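Before any comments, here is the structure.
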Amino acid sequence: MRLHLILALITALLLAITLRPSERHHFTFAQVQATAQQLAQKPYIPLPDTLPLQLRKLTPAQEMGIFWNDKYRLWRKYGLPFQVDFYHLSNEGRTSPGINMVDSRHARALAFSPAFFNYQVPIDPPLPPNLGYAGFYVRYPINKPDSLDGFFSVLGASYFRVLAKDQAYGLSGRGLAINVGLEGKTEEFPEFKEWWLHEPDPNANELILDALLDSASVTGAYEFRLHPGGVTSVDIHAVLFFRKKVDWLGIAPFSSMFLYGENAPNHFGNFHPEIHDSDGVLLNTGKGDWLWRPLEQDTLLQLYKFNDENPKGFGLLQRDRDFQHYQDLNLKYNVRPSAWVTPHGNWGKGAVVLAHQPSDNPETDNVVLFWHPDQIPQAGDRMVLDYTIDFYMNDASRPPLAYSRETRILNPAPPPVPPAGTLSALNAVKQNPLPPTPAPAPTPGATTPVQFLIDFAGNGIEGIAADKPPYLYLHFDPPETRLRDWRLEKISYDNSWRATFTIIPLKHNVPTELHCRLLQATQPQSNAKPLSEDWSYTWHQ
């Protein structure tokens with residue numbers, strides 16, 4: 001009994017001093033910025049691996065038996081709308097960033113105690129009292145007024161995951177990406193070394209978090225403003241200080257997983273029709289064009305650059321929301337978040353970069369998307385970034401046009417190769433100009449014809465009469481690629497439209513770039529307005 005009383009008193013004392021004053025002066029984001037600037041003048045020191053030996057031996061299932069005790073949840077005693085739980089160190093999270101709370105504008109460090117956690121596995125010997133936390137997750141009544149559900153999670157490097165209403169965790173946002181997919185360079189993983197959690201008002205619908213980023217090449221001060229809801233928006237203000245030149249910088253990056261979709265031949269023996277956290281990239285260019293690139297399965301690292309100037313937005317989307325297309329009762333792929341970046345101000349010339357690594361493991365993120373500026377940061381440079389990330393389920397305004405709902409690919413038996421210049425006009429088709437003289441037919445069997453089926457839906461396209469189809473625009477490169485059997489048909493089942501065409505690639509090992517879109521015309525017109533986004537694909541024979 002006496003021991004229990006002593007433990008209770010120790011726990012009460014820890015809670016009383018959990019928020020120890022670390023800085024008794026008025027705390028502002030400018031202090032984080034000044035710290036980042038000073039840090040950039042010093043050699044980089046990564047966060048140490050502080051995982052105790054007794055925790056290294058635990059299995060993943062045993063680690064699941066260690067979790068935060070919700071009665072010690074940050075801000076619970078005040079009944080605030082935002083409350084915070086913390087991650088225990090584990091084999092997944094071996095480092096412990098500094099975590100502070102800003103109360104009445106004063107920064108106070110959060111103390112650690114094993115008493116704040118539930119341990120369903122024995123830990124021997126006892127854990128050190130200064131172990132720290134691997135990360136945290138923020139709760140808010142995002143789904144039900146009487147339930148505080150986690151919607152913002154921080155664990156490892158500069159990763160953060162975000163949910164909107166009725167979603168399950170999927171892709172991750174990142175503070176910064178460096179040297180992703182760059183040949184001859186090792187990827188650098190910046191880390192959020194310290195966090196400041198600002199106590200919200202009793203009726204707040206916004207939470208402010210500050211973070212200090214550090215890596216071998218760059219430091220940075222980040223301010224996050226979280227707005228949870230049907231769409232959870234994260235406003236980010238960042239000030240970066242470069243220790244050295246960075247050749248391959250990724251701004252507003254995401255990491256995601258794509259194993260296979262309806263356009264993939266290999267399901268790795270899995271019964272699920274599709275497995276992915278994201279199924280495509282959507283871009284809204286500086287000129288106002290909308291481009292969709294479905295993710296695809298391949299056996300080699302794919303690196304695509306979509307050159308642009310002052311982009312209006314870009315993101316990784318989980319567009320397919322049909323449970324029947326996944327058949328997974330536990331992981332809920334059909335409700336994984338889509339994420340959309342809206343830059344504030346002009347970001348200049350650069351490219352949205354998609355890096356896609358082959359994978360046979362659904363537990364591994366193998367897709368990265370980011371903005372890469374043409375202007376290479378040099379040592380001593382300072383960069384200011386402002387952007388908003390929206391995490392959401394569906395948004396008819398992205399794009400405000402018909403969208404590509406599904407992409408399917410078939411490999412029919414090789415037909416006779418038609419002579420160049422014999423394209424018929426089932427529906428008007430625009431393509432690269434054919435050579436003035438017939439091109440020689442490819443060697444029989446050198447390439448295999450490939451059939452594409454692309455379904456377009458949404459934003460009024462269903463109301464177009466079947467006997468007045470839109471204009472089907474097709475473009476491919478290299479121009480010697482042959483095209484046959486193209487058509488556009490209305491699907492009576494739901495009034496969407498299906499574009500079908502077959503290409504005969506030029507030769508093996510030469511990728512074919514494809515574009516397809518629907519226009520507001522029945523005949524070729526140079527000024528025809530788009531009815532759909534621009535579907536883009538790279539076929540590797």
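In the structure tokens, the first chain shown is A, the next is B, and so on; residue numbers restart at 1 for each chain, and ligands run from 1 in the order shown.
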
For Ala216 of chain A: contacts at 12 Å, only C-alpha atoms, fewer than 2 positions along chain excluded, given as a ChimeraX atom specification
/A:39-47,178-179,186-191,213-214,218-220,241-246,379

Okay, now the selection with C-alpha atoms, as a CSV table (one decimal), in the first residue's frame?
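Saved result, result.csv, follows:
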```
chain,number,residue,atom,x,y,z
A,39,LEU,CA,22.4,25.8,-36.1
A,40,ALA,CA,23.3,26.2,-39.8
A,41,GLN,CA,26.7,27.7,-38.8
A,42,LYS,CA,27.6,24.5,-36.8
A,43,PRO,CA,28.4,21.0,-37.9
A,44,TYR,CA,25.4,18.7,-38.2
A,45,ILE,CA,24.8,16.3,-35.3
A,46,PRO,CA,22.0,13.8,-35.8
A,47,LEU,CA,19.7,12.8,-33.1
A,178,ILE,CA,17.0,15.7,-50.4
A,179,ASN,CA,18.6,13.6,-53.2
A,186,THR,CA,22.7,8.9,-51.0
A,187,GLU,CA,19.3,10.2,-50.0
A,188,GLU,CA,19.5,12.6,-47.0
A,189,PHE,CA,16.7,12.4,-44.4
A,190,PRO,CA,16.2,15.7,-42.6
A,191,GLU,CA,14.8,15.4,-39.1
A,213,LEU,CA,14.5,20.9,-38.8
A,214,ASP,CA,18.1,19.8,-39.2
A,218,VAL,CA,20.0,22.4,-44.4
A,219,THR,CA,18.3,23.6,-41.2
A,220,GLY,CA,14.8,25.1,-41.0
A,241,PHE,CA,19.1,28.0,-44.0
A,242,PHE,CA,21.5,26.0,-46.2
A,243,ARG,CA,24.8,24.6,-44.8
A,244,LYS,CA,25.9,23.6,-48.3
A,245,LYS,CA,24.8,23.4,-51.9
A,246,VAL,CA,21.9,21.1,-52.5
A,379,ALA,CA,25.7,27.3,-49.0
```

Within segment 18-222 of chain A, find each residue whose DSSP state, derived from the backbone, is helix (DSSP H, G or I), and express the selection as a ChimeraX atom specification.
/A:29-39,53-56,60-63,70-72,76-78,114-116

I need the residues from that last selection saved to file as a PDB file, in the first residue's frame (with N, CA and C atoms), if you can.
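Now in result.pdb:
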```pdb
ATOM      1  N   PHE A  29       7.738  32.339 -32.838  1.00  0.00           N
ATOM      2  CA  PHE A  29       8.329  31.565 -33.930  1.00  0.00           C
ATOM      3  C   PHE A  29       9.690  32.133 -34.315  1.00  0.00           C
ATOM      4  N   ALA A  30       9.887  33.417 -34.094  1.00  0.00           N
ATOM      5  CA  ALA A  30      11.180  34.032 -34.426  1.00  0.00           C
ATOM      6  C   ALA A  30      12.323  33.355 -33.682  1.00  0.00           C
ATOM      7  N   GLN A  31      12.057  32.821 -32.486  1.00  0.00           N
ATOM      8  CA  GLN A  31      13.101  32.124 -31.737  1.00  0.00           C
ATOM      9  C   GLN A  31      13.491  30.820 -32.433  1.00  0.00           C
ATOM     10  N   VAL A  32      12.514  30.111 -32.976  1.00  0.00           N
ATOM     11  CA  VAL A  32      12.811  28.882 -33.715  1.00  0.00           C
ATOM     12  C   VAL A  32      13.636  29.229 -34.953  1.00  0.00           C
ATOM     13  N   GLN A  33      13.260  30.298 -35.607  1.00  0.00           N
ATOM     14  CA  GLN A  33      13.987  30.737 -36.798  1.00  0.00           C
ATOM     15  C   GLN A  33      15.427  31.111 -36.450  1.00  0.00           C
ATOM     16  N   ALA A  34      15.601  31.834 -35.345  1.00  0.00           N
ATOM     17  CA  ALA A  34      16.957  32.221 -34.940  1.00  0.00           C
ATOM     18  C   ALA A  34      17.791  30.994 -34.575  1.00  0.00           C
ATOM     19  N   THR A  35      17.162  30.008 -33.927  1.00  0.00           N
ATOM     20  CA  THR A  35      17.876  28.776 -33.578  1.00  0.00           C
ATOM     21  C   THR A  35      18.314  28.037 -34.829  1.00  0.00           C
ATOM     22  N   ALA A  36      17.431  27.963 -35.837  1.00  0.00           N
ATOM     23  CA  ALA A  36      17.775  27.292 -37.089  1.00  0.00           C
ATOM     24  C   ALA A  36      18.927  27.996 -37.789  1.00  0.00           C
ATOM     25  N   GLN A  37      18.906  29.322 -37.767  1.00  0.00           N
ATOM     26  CA  GLN A  37      19.980  30.079 -38.418  1.00  0.00           C
ATOM     27  C   GLN A  37      21.313  29.858 -37.714  1.00  0.00           C
ATOM     28  N   GLN A  38      21.293  29.835 -36.396  1.00  0.00           N
ATOM     29  CA  GLN A  38      22.527  29.584 -35.637  1.00  0.00           C
ATOM     30  C   GLN A  38      23.019  28.156 -35.843  1.00  0.00           C
ATOM     31  N   LEU A  39      22.086  27.218 -35.924  1.00  0.00           N
ATOM     32  CA  LEU A  39      22.438  25.814 -36.104  1.00  0.00           C
ATOM     33  C   LEU A  39      23.126  25.581 -37.448  1.00  0.00           C
ATOM     34  N   LEU A  53      18.459  -1.415 -24.709  1.00  0.00           N
ATOM     35  CA  LEU A  53      18.625  -2.793 -25.153  1.00  0.00           C
ATOM     36  C   LEU A  53      17.378  -3.627 -24.876  1.00  0.00           C
ATOM     37  N   GLN A  54      16.749  -3.409 -23.721  1.00  0.00           N
ATOM     38  CA  GLN A  54      15.588  -4.224 -23.369  1.00  0.00           C
ATOM     39  C   GLN A  54      14.407  -3.987 -24.312  1.00  0.00           C
ATOM     40  N   LEU A  55      14.388  -2.837 -25.023  1.00  0.00           N
ATOM     41  CA  LEU A  55      13.342  -2.579 -25.996  1.00  0.00           C
ATOM     42  C   LEU A  55      13.709  -3.094 -27.390  1.00  0.00           C
ATOM     43  N   ARG A  56      15.000  -3.168 -27.681  1.00  0.00           N
ATOM     44  CA  ARG A  56      15.441  -3.670 -28.984  1.00  0.00           C
ATOM     45  C   ARG A  56      15.029  -5.123 -29.198  1.00  0.00           C
ATOM     46  N   PRO A  60       7.479  -6.803 -32.999  1.00  0.00           N
ATOM     47  CA  PRO A  60       6.450  -5.806 -33.324  1.00  0.00           C
ATOM     48  C   PRO A  60       5.161  -6.020 -32.538  1.00  0.00           C
ATOM     49  N   ALA A  61       4.762  -7.264 -32.349  1.00  0.00           N
ATOM     50  CA  ALA A  61       3.537  -7.530 -31.588  1.00  0.00           C
ATOM     51  C   ALA A  61       3.696  -7.095 -30.130  1.00  0.00           C
ATOM     52  N   GLN A  62       4.878  -7.324 -29.547  1.00  0.00           N
ATOM     53  CA  GLN A  62       5.116  -6.887 -28.172  1.00  0.00           C
ATOM     54  C   GLN A  62       5.147  -5.369 -28.072  1.00  0.00           C
ATOM     55  N   GLU A  63       5.711  -4.717 -29.081  1.00  0.00           N
ATOM     56  CA  GLU A  63       5.742  -3.249 -29.072  1.00  0.00           C
ATOM     57  C   GLU A  63       4.341  -2.664 -29.114  1.00  0.00           C
ATOM     58  N   ASP A  70      -4.250   7.200 -21.622  1.00  0.00           N
ATOM     59  CA  ASP A  70      -4.989   8.407 -22.027  1.00  0.00           C
ATOM     60  C   ASP A  70      -5.366   9.307 -20.853  1.00  0.00           C
ATOM     61  N   LYS A  71      -5.258   8.824 -19.624  1.00  0.00           N
ATOM     62  CA  LYS A  71      -5.586   9.728 -18.511  1.00  0.00           C
ATOM     63  C   LYS A  71      -4.500  10.779 -18.310  1.00  0.00           C
ATOM     64  N   TYR A  72      -3.312  10.566 -18.929  1.00  0.00           N
ATOM     65  CA  TYR A  72      -2.244  11.551 -18.856  1.00  0.00           C
ATOM     66  C   TYR A  72      -2.132  12.360 -20.151  1.00  0.00           C
ATOM     67  N   ARG A  76      -5.753  17.280 -21.350  1.00  0.00           N
ATOM     68  CA  ARG A  76      -7.017  16.627 -21.000  1.00  0.00           C
ATOM     69  C   ARG A  76      -7.645  17.272 -19.770  1.00  0.00           C
ATOM     70  N   LYS A  77      -6.801  17.608 -18.786  1.00  0.00           N
ATOM     71  CA  LYS A  77      -7.357  18.150 -17.538  1.00  0.00           C
ATOM     72  C   LYS A  77      -8.049  19.487 -17.748  1.00  0.00           C
ATOM     73  N   TYR A  78      -7.724  20.173 -18.868  1.00  0.00           N
ATOM     74  CA  TYR A  78      -8.389  21.447 -19.164  1.00  0.00           C
ATOM     75  C   TYR A  78      -9.600  21.252 -20.081  1.00  0.00           C
ATOM     76  N   PRO A 114       7.879   6.482 -17.344  1.00  0.00           N
ATOM     77  CA  PRO A 114       7.197   5.235 -17.704  1.00  0.00           C
ATOM     78  C   PRO A 114       5.778   5.161 -17.154  1.00  0.00           C
ATOM     79  N   ALA A 115       5.508   5.949 -16.109  1.00  0.00           N
ATOM     80  CA  ALA A 115       4.173   5.939 -15.513  1.00  0.00           C
ATOM     81  C   ALA A 115       3.112   6.456 -16.476  1.00  0.00           C
ATOM     82  N   PHE A 116       3.518   7.165 -17.515  1.00  0.00           N
ATOM     83  CA  PHE A 116       2.552   7.713 -18.470  1.00  0.00           C
ATOM     84  C   PHE A 116       2.108   6.690 -19.514  1.00  0.00           C
TER      85      PHE A 116
END
```

Neighbouring residues of segment 464-479 of chain A were defined as those with any atom within 10 Å, considering only C-alpha atoms; residues of the same chain fewer than 3 positions away were excluded. Please report them as a PyMOL selection string.
chain A and resi 427-435+460-461+482-483+486-492+495-497+499-501+503+505-506+510-525+528+530-532+534-538

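The closest residue to Leu283 of chain A, picked from A:Phe224, A:Trp371, A:Tyr169, A:Phe314 and counting only C-alpha atoms, is A:Phe314.
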
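The smallest atom-to-atom distance between Gly458 of chain A and any of A:Asp85, A:Asp289, A:Asp308, A:Asp494, using only C-alpha atoms, is found for A:Asp494.
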
Just give me the gap between atom CA of Glu533 of chain A and atom CA of Val180 of chain A in Å, one decimal is fine.
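Interatomic distance here is 27.8 Å.
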
Tell me, in Å to one decimal, how far atom CA of Pro294 of chain A is from atom CA of Thr407 of chain A.
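Separating atom CA of Pro294 of chain A from atom CA of Thr407 of chain A is a distance of 7.6 Å.
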
A:Phe136, A:Phe254, A:Phe268, A:Trp195: which is nearest Leu209 of chain A, counting only C-alpha atoms?
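When distances to Leu209 of chain A are compared using only C-alpha atoms, the smallest one comes from A:Trp195.
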
With only C-alpha atoms as the counted atoms, please give the residues lying no more than 8 Å from segment 152-168 of chain A, apart from itself and same-chain residues fewer than 4 positions off, as a PyMOL selection string.
chain A and resi 87+93+95+134-139+142-143+172-176+189-192+213+228-232+331-333+335-337+391-393
